[in-house]
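For reference, the structure is listed below as structure tokens.
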2 protein chains.
Amino acid sequence: MPKIDPKILKGTRDMLPLNMFKRNFVMDKIRSVFEKFGYDQIETPILNPAETILGKYGEEGDRLTYSFKDKGDKHLALPYDLTVPFARFVATNWRELPMPFKRYQIQRVWRAEKPQKGRLREFYQCDIDIIGTKSLLVEAEVAKTIVEVFKAIDLPDIVIKFNSRRLINSVLSNLNVLEDKKIEIIRTIDKLEKIGPEKVETILKDAGIKNAKEILQALKPGEKNIKTLENLSDYDTKEIKELLEYTKNLGIDEKYLQFDPSLARGLDYYTGIIFEVVDSKGEYGSLCGGGRYDNLCGLFSDQEFSGMGVALGFERIMLILEQLDAFKNIKSKSKALVTLFDESSIADSLKLYSDLLDKDINCEVYFEPAKLDKQFKYANKKKIPYVLIQGPDEKKKGEITVKNMESGKQESMSLDKLGEYFK
Amino acid sequence: MPKIDPKILKGTRDMLPLNMFKRNFVMDKIRSVFEKFGYDQIETPILNPAETILGKYGEEGDRLTYSFKDKGDKHLALPYDLTVPFARFVATNWRELPMPFKRYQIQRVWRAEKPQKGRLREFYQCDIDIIGTKSLLVEAEVAKTIVEVFKAIDLPDIVIKFNSRRLINSVLSNLNVLEDKKIEIIRTIDKLEKIGPEKVETILKDAGIKNAKEILQALKPGEKNIKTLENLSDYDTKEIKELLEYTKNLGIDEKYLQFDPSLARGLDYYTGIIFEVVDSKGEYGSLCGGGRYDNLCGLFSDQEFSGMGVALGFERIMLILEQLDAFKNIKSKSKALVTLFDESSIADSLKLYSDLLDKDINCEVYFEPAKLDKQFKYANKKKIPYVLIQGPDEKKKGEITVKNMESGKQESMSLDKLGEYFK
């Protein structure tokens with residue numbers, strides 16, 4: 001029979017053990033922080049009625065959404081992100097949820113993109129949201145969570161840039177920008193970091209905004225938050241001041257928070273505070289972002305839920321950690337490999353293996369009495385730090401030889417001592 | 001704007017916090033055991049070229065596989081199980097894998113079924129496999145893993161029924177069954193437990209097997225494994241004896257292992273030892289099953305990998321644990337809710353909350369100075385065991401009131417004592 005090509009779809013990935021191990025290592029730390037702060041995990045279906053996914057991300061979003069008819073002609077779609085499924089989830093289940101509701105969600109999403117470097121068709125998103133209250137304490141809590149997450153994954157050198165949509169709006173109004181031009185301006189300003197102030201000014205001017213320079217000047221951040229607030233003393237910055245006060249109460253070092261009135265974030269549905277997390281040197285782009293919205297479930301329900309949420313750029317974070325060689329000291333979860341010396345010693349080796357397992361030591365046994373070299377290679381490939389040998393010599397002495405695979409050093413000891421050795 | 005019905009597809013599920021919490025609780029225990037034994041986690045894509053999924057499960061399987069054309073007319077399919085994606089994975093990546101390779105995989109799979117009780121369209125599978133060696137130690141190791149998994153999830157009262165495909169084949173040959181009838185007979189015998197020996201005998205006779213009674217008699221298990229082996233002393237039972245010897249070496253209590261020569265398991269591709277795990281009272285049906293195969297990647301590659309794998313019935317296990325009320329004492333991960341007494345005490349409460357977080361105590365703060373009753377309700381809904389109150393009276397004394405939400409008892413203490421209280 002001709003063989004089927006074992007290929008995968010471009011833009012999807014096989015997760016091999018080492019990669020999976022690194023991802024779990026980082027993900028477990030992120031989850032621990034979420035759970036420390038009382039976020040509950042939820043999951044939403046992957047196969048969805050298409051009308052609950054399509055039509056919510058604009059034309060481009062619909063084009064990039066995987067949707068299809070099943071054999072019963074039902075139109076189905078895969079999630080494009082986790083926000084719309086969360087909105088649908090809340091519209092369905094709000095009666096059963098604690099309110100305010102803090103959730104985290106880590107799932108795959110799909111985009112029918114042309115795959116290229118850093119652009120995948122199937123990838124993980126990792127979101128937190130707190131809904132059901134308009135309290136600014138929520139924004140402060142999310143900031144605290146973000147700082148702890150990045151500390152936990154050893155990327156503590158971050159800055160949460162933040163701004164208020166309300167504030168941008170009132171600056172624009174004050175500079176006589178018409179209501180229907182505001183979104184366009186906000187979208188353009190959102191590109192400031194990427195294309196620089198000159199180009200943004202040109203685009204705004206081409207779009208008929210005569211006072212582009214003045215707008216950009218008004219929205220320029222100062223050296224420190226207090227200075228930026230001073231620059232905007234003609235405007236209502238109560239929200240900003242309150243948020244800074246709450247973050248101080250929560251013990252968040254001010255270095256983590258930068259009030260940037262030019263921060264825009266393109267999405268239409270933000271209505272209050274917006275966040276964008278970058279590394280303090282600005283090398284890696286956005287690591288996390290989100291904001292306050294007024295009506296999460298508007299598309300699905302008459303129930304109004306205000307909330308605030310951010311999405312962690314998990315795939316980008318993994319790339320950065322790789323780049324920083326953050327996994328160089330990663331070790332296998334297995335502490336030791338019990339080797340099989342020869343056919344006649346199998347029973348003894350299995351007994352040793354079983355004894356170690358009973359002592360709750362993560363370990364493995366090799367499955368064949370192959371040459372020791374081959375068994376050592378297996379340990380090295382799996383990054384198992386120790387191998388144990390119990391041949392006739394050791395048997396006679398009632399000892400086990402322990403070989404440190406990194407240093408190559410060997411020593412012999414009794415089973416009891418071995419148990420302590422690995423604790 | 002008319003609202004979109006926030007419904008989900010039948011046979012798919014929203015995982016609400018409590019349900020998710022229980023699932024994670026069980027899943028984490030299962031994963032710990034897998035990792036204790038050195039199984040590595042992998043993941044395979046959810047969107048797959050259709051030819052790597054279709055045509056491998058027979059007509060019925062193809063009918064039940066979700067497959068569709070994307071907008072570029074590429075034929076895609078969602079996984080029907082985790083075995084075929086694993087086979088494809090090994091065919092793609094074997095050069096990079098340690099051999100023997102022990103993997104675990106926990107992912108969703110899809111079946112285009114008519115949804116009904118206990119039959120879902122989207123559900124989790126949970127598989128382990130060890131490939132790359134024909135050693136019977138593998139079967140013993142998998143048995144040990146199974147016993148530890150069921151102990152870990154508090155369902156220790158299980159039996160691993162096992163048999164050998166080679167043995168059934170030689171019994172059938174000896175009873176003059178023609179080669180091309182064997183699979184049919186094995187499939188029929190597989191129904192023994194479900195429909196009883198009389199019906200199986202009738203079906204076999206109707207199919208032209210004259211010595212059906214004799215076959216069933218030969219395959220009947222005895223009271224004990226040693227007795228069953230005696231009954232089959234005319235046959236080659238070396239494999240069975242060796243497996244029993246290895247499991248003994250590994251310290252597996254014999255009560256966990258029942259040699260049942262009538263165990264068949266319907267799947268064609270098993271070639272050696274097969275496993276089926278049931279509860280010892282036989283109340284819940286199959287909890288786990290699998291077996292030895294000779295050529296995992298045959299469809300995809302010329303490389304031959306023999307292996308052994310089992311799939312845990314995770315969804316069924318969850319149903320059983322629910323039925324047994326196994327989650328009745330489940331507690332929130334949050335130890336305490338810091339309440340907000342009034343507007344003026346927010347800063348103090350945030351400070352308290354931050355101090356507790358710094359002491360690495362999982363806790364939450366309520367987001368509004370609402371009536372205490374409302375804040376207590378939130379704690380109850382989330383099963384948070386303690387609430388903390390810091391009003392003007394407490395503030396004066398430098399203390400915090402701790403209310404046990406289960407007993408209703410209150411006591412006051414300093415922050416330092418509180419830290420110890422929650423450790």
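If you're wondering about the labels, chains in the structure tokens are A, B, ... by order shown, residues count from 1 in each chain, ligands from 1 in order shown.
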
Cut-off 7 Å: closest chain B/chain A atom pairs per residue, using only C-alpha atoms, as a tab-separated table:
```
residue	atom	partner	partner_atom	distance
B:Lys3	CA	A:Phe300	CA	4.9
B:Ile4	CA	A:Phe300	CA	4.9
B:Asp5	CA	A:Phe300	CA	6.1
B:Pro6	CA	A:Arg88	CA	5.3
B:Lys7	CA	A:Thr92	CA	7.0
B:Ile8	CA	A:Asn48	CA	6.1
B:Leu9	CA	A:Asn48	CA	5.8
B:Thr12	CA	A:Pro45	CA	5.9
B:Arg13	CA	A:Pro45	CA	5.9
B:Asp14	CA	A:Thr44	CA	4.9
B:Met15	CA	A:Glu43	CA	4.9
B:Leu16	CA	A:Ile42	CA	5.5
B:Pro17	CA	A:Ile42	CA	5.5
B:Met20	CA	A:Ile42	CA	6.1
B:Glu35	CA	A:Lys333	CA	6.7
B:Lys36	CA	A:Asn362	CA	4.2
B:Phe37	CA	A:Cys363	CA	5.8
B:Gly38	CA	A:Ser334	CA	5.6
B:Asp40	CA	A:Pro17	CA	5.6
B:Gln41	CA	A:Pro17	CA	5.8
B:Ile42	CA	A:Met15	CA	5.4
B:Glu43	CA	A:Met15	CA	4.9
B:Thr44	CA	A:Asp14	CA	4.9
B:Pro45	CA	A:Thr12	CA	5.9
B:Asn48	CA	A:Leu9	CA	5.8
B:Pro49	CA	A:Leu9	CA	6.0
B:Thr52	CA	A:Pro6	CA	6.6
B:Phe68	CA	A:Phe68	CA	6.4
B:Arg88	CA	A:Pro6	CA	5.3
B:Ala91	CA	A:Pro6	CA	6.3
B:Thr92	CA	A:Pro6	CA	5.8
B:Pro98	CA	A:Lys381	CA	5.9
B:Met99	CA	A:Tyr378	CA	6.9
B:Ser135	CA	A:Phe367	CA	6.2
B:Leu137	CA	A:Phe367	CA	5.8
B:Val138	CA	A:Phe367	CA	6.7
B:Asn249	CA	A:Lys351	CA	5.5
B:Leu250	CA	A:Ser354	CA	5.3
B:Gly251	CA	A:Ser354	CA	6.4
B:Leu299	CA	A:Lys3	CA	5.5
B:Phe300	CA	A:Ile4	CA	4.8
B:Ser301	CA	A:Lys3	CA	6.1
B:Lys333	CA	A:Glu35	CA	6.7
B:Ser334	CA	A:Gly38	CA	5.6
B:Ala347	CA	A:Asn249	CA	5.6
B:Leu350	CA	A:Leu250	CA	5.5
B:Lys351	CA	A:Asn249	CA	5.5
B:Ser354	CA	A:Leu250	CA	5.3
B:Asn362	CA	A:Lys36	CA	4.2
B:Cys363	CA	A:Phe37	CA	5.8
B:Glu364	CA	A:Phe37	CA	5.8
B:Phe367	CA	A:Leu137	CA	5.8
B:Glu368	CA	A:Ser135	CA	6.5
B:Tyr378	CA	A:Pro98	CA	6.1
B:Lys381	CA	A:Pro98	CA	5.9
B:Lys382	CA	A:Pro98	CA	6.6
```

| query | How many Å separate CA of Val338 in chain A from CA of Arg292 in chain B? | reply |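 A separation of 23.3 Å between them.
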
Quick one: residues within 12 Å of Pro197 in chain B, only C-alpha atoms, excluding same-chain residues fewer than 2 positions away - as a CSV table (one decimal) with N, CA, C and O atoms, in the first residue's frame?
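Final output, saved to out07.csv:
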```csv
chain,number,residue,atom,x,y,z
B,188,THR,N,-16.9,-11.2,17.9
B,188,THR,CA,-18.1,-11.7,18.5
B,188,THR,C,-17.9,-12.0,20.0
B,188,THR,O,-18.6,-11.6,20.9
B,189,ILE,N,-16.7,-12.6,20.3
B,189,ILE,CA,-16.3,-12.9,21.7
B,189,ILE,C,-16.2,-11.6,22.5
B,189,ILE,O,-16.5,-11.6,23.7
B,190,ASP,N,-15.8,-10.6,21.8
B,190,ASP,CA,-15.7,-9.3,22.5
B,190,ASP,C,-17.0,-8.8,23.1
B,190,ASP,O,-17.0,-8.0,24.0
B,191,LYS,N,-18.1,-9.4,22.6
B,191,LYS,CA,-19.4,-9.0,23.2
B,191,LYS,C,-19.8,-9.8,24.4
B,191,LYS,O,-20.9,-9.6,24.9
B,192,LEU,N,-19.0,-10.8,24.7
B,192,LEU,CA,-19.4,-11.7,25.8
B,192,LEU,C,-20.0,-11.0,27.0
B,192,LEU,O,-21.1,-11.4,27.5
B,193,GLU,N,-19.2,-10.0,27.6
B,193,GLU,CA,-19.6,-9.3,28.8
B,193,GLU,C,-21.0,-8.7,28.6
B,193,GLU,O,-21.8,-8.7,29.5
B,194,LYS,N,-21.2,-8.1,27.4
B,194,LYS,CA,-22.4,-7.4,27.1
B,194,LYS,C,-23.6,-8.2,26.9
B,194,LYS,O,-24.7,-8.0,27.5
B,195,ILE,N,-23.5,-9.3,26.1
B,195,ILE,CA,-24.7,-10.0,25.7
B,195,ILE,C,-24.8,-11.4,26.3
B,195,ILE,O,-25.8,-12.1,26.2
B,199,LYS,N,-25.9,-16.0,23.9
B,199,LYS,CA,-26.1,-15.2,22.6
B,199,LYS,C,-24.8,-15.3,21.7
B,199,LYS,O,-24.9,-15.4,20.5
B,200,VAL,N,-23.7,-15.2,22.4
B,200,VAL,CA,-22.4,-15.3,21.6
B,200,VAL,C,-22.4,-16.6,20.9
B,200,VAL,O,-22.0,-16.7,19.7
B,201,GLU,N,-22.8,-17.7,21.6
B,201,GLU,CA,-22.7,-19.0,21.0
B,201,GLU,C,-23.6,-19.1,19.8
B,201,GLU,O,-23.3,-19.6,18.7
B,202,THR,N,-24.9,-18.5,20.0
B,202,THR,CA,-25.8,-18.5,18.8
B,202,THR,C,-25.3,-17.8,17.6
B,202,THR,O,-25.3,-18.3,16.5
B,203,ILE,N,-24.7,-16.6,17.9
B,203,ILE,CA,-24.1,-15.8,16.8
B,203,ILE,C,-23.1,-16.6,16.1
B,203,ILE,O,-23.0,-16.6,14.8
B,204,LEU,N,-22.2,-17.2,16.9
B,204,LEU,CA,-21.1,-17.9,16.3
B,204,LEU,C,-21.6,-19.1,15.4
B,204,LEU,O,-21.1,-19.4,14.3
B,212,ALA,N,-18.7,-23.7,18.5
B,212,ALA,CA,-18.7,-22.5,19.2
B,212,ALA,C,-18.7,-22.8,20.7
B,212,ALA,O,-17.9,-22.1,21.5
B,213,LYS,N,-19.4,-23.8,21.2
B,213,LYS,CA,-19.4,-24.1,22.6
B,213,LYS,C,-18.0,-24.5,23.1
B,213,LYS,O,-17.6,-24.0,24.2
B,214,GLU,N,-17.3,-25.3,22.3
B,214,GLU,CA,-16.0,-25.7,22.7
B,214,GLU,C,-15.0,-24.5,22.8
B,214,GLU,O,-14.2,-24.4,23.7
B,215,ILE,N,-15.2,-23.6,21.8
B,215,ILE,CA,-14.3,-22.4,21.8
B,215,ILE,C,-14.5,-21.6,23.1
B,215,ILE,O,-13.6,-21.2,23.8
B,216,LEU,N,-15.8,-21.4,23.4
B,216,LEU,CA,-16.1,-20.6,24.6
B,216,LEU,C,-15.6,-21.3,25.8
B,216,LEU,O,-15.1,-20.6,26.8
B,217,GLN,N,-15.7,-22.6,25.9
B,217,GLN,CA,-15.3,-23.3,27.0
B,217,GLN,C,-13.8,-23.2,27.2
B,217,GLN,O,-13.3,-22.9,28.3
B,219,LEU,N,-11.9,-20.7,26.3
B,219,LEU,CA,-11.5,-19.4,26.6
B,219,LEU,C,-12.1,-18.9,28.0
B,219,LEU,O,-11.9,-17.7,28.3
B,220,LYS,N,-12.8,-19.7,28.7
B,220,LYS,CA,-13.4,-19.3,30.0
B,220,LYS,C,-12.3,-19.1,31.0
B,220,LYS,O,-11.4,-19.9,31.2
B,262,SER,N,-10.9,-14.9,27.4
B,262,SER,CA,-12.1,-14.5,26.5
B,262,SER,C,-12.1,-13.1,26.2
B,262,SER,O,-12.9,-12.6,25.4
```

| task | From the DSSP assignment of the backbone, select every residue of range 121-352 of chain B that is strand (DSSP E), and format the answer as a PyMOL selection string. | result | chain B and resi 122-131+158-164+257-259+270-279+286-293+307-312+336-338

| field | 9 Å contact set for Thr271 in chain A, only C-alpha atoms, chain neighbours under 2 positions out, as an NGL selection string | value | :A and (164-166 or 268-269 or 273-274 or 291-294)

Write the residues of the preceding selection, restricted to all heavy atoms, as an mmCIF file, in the first residue's frame.
```
data_model
loop_
_atom_site.group_PDB
_atom_site.id
_atom_site.type_symbol
_atom_site.label_atom_id
_atom_site.label_comp_id
_atom_site.auth_asym_id
_atom_site.auth_seq_id
_atom_site.Cartn_x
_atom_site.Cartn_y
_atom_site.Cartn_z
ATOM 1 N N SER A 164 -6.559 56.231 29.083
ATOM 2 C CA SER A 164 -8.007 56.135 29.190
ATOM 3 C C SER A 164 -8.632 56.560 27.868
ATOM 4 O O SER A 164 -8.295 57.629 27.335
ATOM 5 C CB SER A 164 -8.517 57.028 30.313
ATOM 6 O OG SER A 164 -9.896 57.306 30.118
ATOM 7 N N ARG A 165 -9.520 55.728 27.365
ATOM 8 C CA ARG A 165 -10.243 56.087 26.137
ATOM 9 C C ARG A 165 -11.063 57.357 26.340
ATOM 10 O O ARG A 165 -11.197 58.182 25.468
ATOM 11 C CB ARG A 165 -11.169 54.934 25.737
ATOM 12 C CG ARG A 165 -10.549 53.941 24.803
ATOM 13 C CD ARG A 165 -10.291 54.573 23.447
ATOM 14 N NE ARG A 165 -9.511 53.680 22.587
ATOM 15 C CZ ARG A 165 -10.022 52.698 21.871
ATOM 16 N NH1 ARG A 165 -11.314 52.474 21.896
ATOM 17 N NH2 ARG A 165 -9.260 51.936 21.131
ATOM 18 N N ARG A 166 -11.637 57.465 27.543
ATOM 19 C CA ARG A 166 -12.418 58.665 27.873
ATOM 20 C C ARG A 166 -11.559 59.923 27.735
ATOM 21 O O ARG A 166 -11.990 60.936 27.211
ATOM 22 C CB ARG A 166 -12.965 58.555 29.302
ATOM 23 C CG ARG A 166 -14.347 57.931 29.387
ATOM 24 C CD ARG A 166 -14.861 57.918 30.822
ATOM 25 N NE ARG A 166 -14.237 56.828 31.602
ATOM 26 C CZ ARG A 166 -14.772 55.612 31.716
ATOM 27 N NH1 ARG A 166 -15.920 55.317 31.141
ATOM 28 N NH2 ARG A 166 -14.163 54.688 32.423
ATOM 29 N N ASP A 268 -12.362 48.941 18.665
ATOM 30 C CA ASP A 268 -13.457 49.896 18.884
ATOM 31 C C ASP A 268 -14.130 49.733 20.236
ATOM 32 O O ASP A 268 -14.677 50.680 20.777
ATOM 33 C CB ASP A 268 -14.546 49.725 17.822
ATOM 34 C CG ASP A 268 -13.984 49.900 16.428
ATOM 35 O OD1 ASP A 268 -12.794 50.222 16.308
ATOM 36 O OD2 ASP A 268 -14.757 49.705 15.472
ATOM 37 N N TYR A 269 -14.140 48.508 20.770
ATOM 38 C CA TYR A 269 -15.046 48.299 21.898
ATOM 39 C C TYR A 269 -14.506 48.716 23.262
ATOM 40 O O TYR A 269 -15.222 48.657 24.247
ATOM 41 C CB TYR A 269 -15.620 46.873 21.916
ATOM 42 C CG TYR A 269 -14.631 45.757 22.122
ATOM 43 C CD1 TYR A 269 -14.216 45.393 23.389
ATOM 44 C CD2 TYR A 269 -14.146 45.050 21.038
ATOM 45 C CE1 TYR A 269 -13.323 44.361 23.571
ATOM 46 C CE2 TYR A 269 -13.261 44.021 21.210
ATOM 47 C CZ TYR A 269 -12.852 43.671 22.481
ATOM 48 O OH TYR A 269 -11.975 42.651 22.654
ATOM 49 N N ILE A 273 -10.175 52.516 30.661
ATOM 50 C CA ILE A 273 -8.728 52.304 30.766
ATOM 51 C C ILE A 273 -8.274 51.237 29.771
ATOM 52 O O ILE A 273 -8.941 50.215 29.600
ATOM 53 C CB ILE A 273 -8.376 51.847 32.201
ATOM 54 C CG1 ILE A 273 -8.696 52.946 33.220
ATOM 55 C CG2 ILE A 273 -6.915 51.408 32.304
ATOM 56 C CD1 ILE A 273 -7.767 54.145 33.181
ATOM 57 N N ILE A 274 -7.157 51.497 29.121
ATOM 58 C CA ILE A 274 -6.547 50.482 28.252
ATOM 59 C C ILE A 274 -5.113 50.226 28.707
ATOM 60 O O ILE A 274 -4.458 51.110 29.258
ATOM 61 C CB ILE A 274 -6.560 50.911 26.760
ATOM 62 C CG1 ILE A 274 -6.104 52.361 26.622
ATOM 63 C CG2 ILE A 274 -7.951 50.733 26.170
ATOM 64 C CD1 ILE A 274 -6.064 52.850 25.189
ATOM 65 N N GLY A 291 -8.209 46.027 27.852
ATOM 66 C CA GLY A 291 -8.834 47.240 28.358
ATOM 67 C C GLY A 291 -10.230 47.008 28.903
ATOM 68 O O GLY A 291 -10.710 45.876 29.005
ATOM 69 N N ARG A 292 -10.830 48.117 29.255
ATOM 70 C CA ARG A 292 -12.178 48.150 29.838
ATOM 71 C C ARG A 292 -13.218 48.255 28.725
ATOM 72 O O ARG A 292 -13.055 49.013 27.774
ATOM 73 C CB ARG A 292 -12.257 49.370 30.768
ATOM 74 C CG ARG A 292 -13.635 49.839 31.159
ATOM 75 C CD ARG A 292 -14.339 48.926 32.140
ATOM 76 N NE ARG A 292 -13.671 48.865 33.428
ATOM 77 C CZ ARG A 292 -14.201 48.226 34.490
ATOM 78 N NH1 ARG A 292 -15.393 47.613 34.420
ATOM 79 N NH2 ARG A 292 -13.528 48.186 35.623
ATOM 80 N N TYR A 293 -14.252 47.452 28.823
ATOM 81 C CA TYR A 293 -15.379 47.537 27.880
ATOM 82 C C TYR A 293 -16.657 47.670 28.692
ATOM 83 O O TYR A 293 -16.725 47.234 29.844
ATOM 84 C CB TYR A 293 -15.421 46.300 26.971
ATOM 85 C CG TYR A 293 -15.105 45.016 27.711
ATOM 86 C CD1 TYR A 293 -16.071 44.356 28.462
ATOM 87 C CD2 TYR A 293 -13.813 44.481 27.701
ATOM 88 C CE1 TYR A 293 -15.763 43.206 29.168
ATOM 89 C CE2 TYR A 293 -13.503 43.324 28.420
ATOM 90 C CZ TYR A 293 -14.489 42.699 29.142
ATOM 91 O OH TYR A 293 -14.204 41.574 29.851
ATOM 92 N N ASP A 294 -17.691 48.262 28.075
ATOM 93 C CA ASP A 294 -18.909 48.552 28.833
ATOM 94 C C ASP A 294 -19.958 47.469 28.749
ATOM 95 O O ASP A 294 -20.787 47.318 29.637
ATOM 96 C CB ASP A 294 -19.546 49.853 28.327
ATOM 97 C CG ASP A 294 -18.988 51.036 29.088
ATOM 98 O OD1 ASP A 294 -18.320 50.809 30.108
ATOM 99 O OD2 ASP A 294 -19.204 52.176 28.642
#
```

| In Å to one decimal, how far is CA of Leu82 in chain B from CA of Gly290 in chain B? | 12.5 Å

| task | Enter the distance from CA of Gln125 in chain A to CA of Val84 in chain A, in Å, rounded to one decimal. | result |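 These two atoms are separated by 12.7 Å.
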
| task | Write down as a VMD selection string the residues of range 147-284 of chain B whose backbone DSSP state falls under alpha helix (DSSP H). | result | chain B and resid 147 to 152 165 to 174 179 to 189 192 to 206 212 to 218 225 to 231 238 to 249
